[in-house]
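Reproduced below: model23.tsv, with TSV, C-alpha atoms.
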chain	number	residue	atom	x	y	z
A	707	MET	CA	8.33	-7.26	11.60
A	708	ARG	CA	5.69	-7.63	8.92
A	709	THR	CA	6.67	-7.17	5.28
A	710	LEU	CA	5.20	-7.42	1.83
A	711	ASP	CA	7.46	-9.48	-0.40
A	712	GLY	CA	7.71	-12.42	-2.77
A	713	GLY	CA	4.46	-14.06	-3.73
A	714	MET	CA	2.44	-11.89	-1.38
A	715	ALA	CA	3.68	-8.76	-3.15
A	716	LYS	CA	2.53	-10.19	-6.48
A	717	LEU	CA	-0.88	-11.06	-5.07
A	718	TYR	CA	-1.15	-7.57	-3.56
A	719	VAL	CA	-0.46	-5.89	-6.92
A	720	ARG	CA	-2.87	-8.23	-8.69
A	721	SER	CA	-5.57	-7.44	-6.12
A	722	VAL	CA	-5.08	-3.69	-6.43
A	723	ARG	CA	-5.14	-3.85	-10.22
A	724	LYS	CA	-8.31	-5.97	-10.25
A	725	ASN	CA	-10.27	-4.09	-7.59
A	726	TYR	CA	-9.11	-0.49	-8.04
A	727	PRO	CA	-8.64	0.33	-11.75
A	728	ASP	CA	-8.43	4.04	-10.93
A	729	LEU	CA	-4.98	3.36	-9.45
A	730	ASP	CA	-3.57	2.21	-12.80
A	731	HIS	CA	-1.36	5.32	-13.01
A	732	ILE	CA	0.76	4.02	-10.11
A	733	SER	CA	3.53	1.61	-11.12
A	734	ASP	CA	3.72	-1.90	-9.69
A	735	ASP	CA	7.08	-1.05	-8.11
A	736	SER	CA	5.61	2.00	-6.37
A	737	LEU	CA	2.67	0.01	-5.07
A	738	ILE	CA	5.03	-2.58	-3.62
A	739	THR	CA	7.38	0.04	-2.16
A	740	TYR	CA	4.62	1.98	-0.44
A	741	GLY	CA	2.72	-1.17	0.49
A	742	ASN	CA	5.79	-2.58	2.19
A	743	ALA	CA	6.35	0.72	4.00
A	744	ILE	CA	2.79	0.44	5.32
A	745	CYS	CA	3.44	-3.10	6.54
A	746	VAL	CA	6.57	-2.01	8.40
A	747	ALA	CA	4.85	1.07	9.87
A	748	ARG	CA	1.86	-1.01	10.98
A	749	SER	CA	4.15	-3.33	12.93
A	750	THR	CA	5.98	-0.35	14.49
A	751	SER	CA	3.29	1.91	16.00
A	752	PRO	CA	-0.04	3.59	15.27
A	753	LYS	CA	1.76	6.93	14.95
A	754	ALA	CA	4.19	5.51	12.37
A	755	PHE	CA	1.26	4.04	10.45
A	756	GLY	CA	-0.52	7.40	10.34
A	757	GLU	CA	2.62	9.22	9.24
A	758	GLN	CA	3.25	6.66	6.50
A	759	ALA	CA	-0.34	6.96	5.30
A	760	LYS	CA	0.07	10.74	4.95
A	761	LYS	CA	3.42	10.30	3.19
A	762	THR	CA	1.92	7.76	0.79
A	763	MET	CA	-0.96	10.06	-0.10
A	764	ARG	CA	1.32	13.06	-0.57
A	765	GLU	CA	4.00	11.30	-2.64
A	766	LEU	CA	1.65	9.26	-4.83
A	767	GLY	CA	-0.83	12.11	-5.23
A	768	THR	CA	-3.77	9.92	-4.29
A	769	THR	CA	-7.07	10.90	-2.73
A	770	PRO	CA	-7.89	9.81	0.83
A	771	THR	CA	-10.14	7.05	-0.58
A	772	GLN	CA	-7.44	5.79	-2.96
A	773	THR	CA	-4.88	5.88	-0.17
A	774	ALA	CA	-7.20	3.84	2.06
A	775	GLN	CA	-7.53	1.28	-0.75
A	776	ILE	CA	-3.74	0.97	-1.03
A	777	LEU	CA	-3.30	0.77	2.76
A	778	GLY	CA	-6.09	-1.73	3.31
A	779	SER	CA	-4.90	-4.00	0.53
A	780	ALA	CA	-1.30	-3.86	1.68
A	781	ASP	CA	-2.24	-4.58	5.27
A	782	ALA	CA	-4.22	-7.64	4.16
A	783	PHE	CA	-1.19	-9.11	2.36
A	784	CYS	CA	1.51	-8.31	4.94
A	785	ARG	CA	3.22	-11.32	6.47
How would this structure read if it were set down as structure tokens?
Amino acid sequence: MRTLDGGMAKLYVRSVRKNYPDLDHISDDSLITYGNAICVARSTSPKAFGEQAKKTMRELGTTPTQTAQILGSADAFCR
């Protein structure tokens, strides 16, 4: 199962902060929590990934574009 932890989690947060300054209202801990949930869902099934994407957008209050930025970045750093 793919996860986002340790050094990869730090790189993920750094990447989000550098590339998407409009997400600065989301805490580092929240980014890691939801990013890791995306990694786990991606390794489970496409349906789980879609459901997690909707949950992330709803709970973080992000736009579809912002959610895609979080998901894409997290997926890139999952190991």
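Here atom CA of A:Leu710 stands at a distance of 10.7 Å from atom CA of A:Ser779.
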Between A:Val719, A:Ile732, A:Ala759, A:Leu766, which one has atoms that come closest to A:Ala747, using only C-alpha atoms?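 Closest to A:Ala747, using only C-alpha atoms: A:Ala759.
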Taking all atoms listed in the file into account, name the residue in A:Gly756, A:Pro770, A:Gly741, A:Gly778 that is nearest to A:Met714.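 Ranking A:Gly756, A:Pro770, A:Gly741, A:Gly778 by distance to A:Met714, first place goes to A:Gly741.
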Counting all atoms listed in the file, which residue out of A:Asp735, A:Asp728, A:Glu765, A:Asp711 sits closest to A:Arg785?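 Among A:Asp735, A:Asp728, A:Glu765, A:Asp711, it is A:Asp711 that comes nearest to A:Arg785.
With all atoms listed in the file as the atoms that count, the residue of A:Leu737, A:Ser721, A:Phe783, A:Thr750 with the shortest distance to A:Met763 is A:Leu737.
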Counting all atoms listed in the file, the option among A:Val746, A:Leu729, A:Cys784, A:Ile738 closest to A:Gln772: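 Under the stated criterion, the closest residue is A:Leu729.
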Take atom CA of A:Met707 and atom CA of A:Ser749 and report the distance between them in Å, one decimal.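 About the pair atom CA of A:Met707 and atom CA of A:Ser749: they are 5.9 Å apart.
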In Å, rounded to a single decimal, give me how far atom CA of A:Tyr718 is from atom CA of A:Thr739.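 That distance, rounded to one decimal, is 11.5 Å.
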With distances taken over all atoms listed in the file, which of A:Gly713, A:Ile776, A:Asp781, A:Thr769 is nearest to A:Ser736?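 Closest to A:Ser736, using all atoms listed in the file: A:Ile776.
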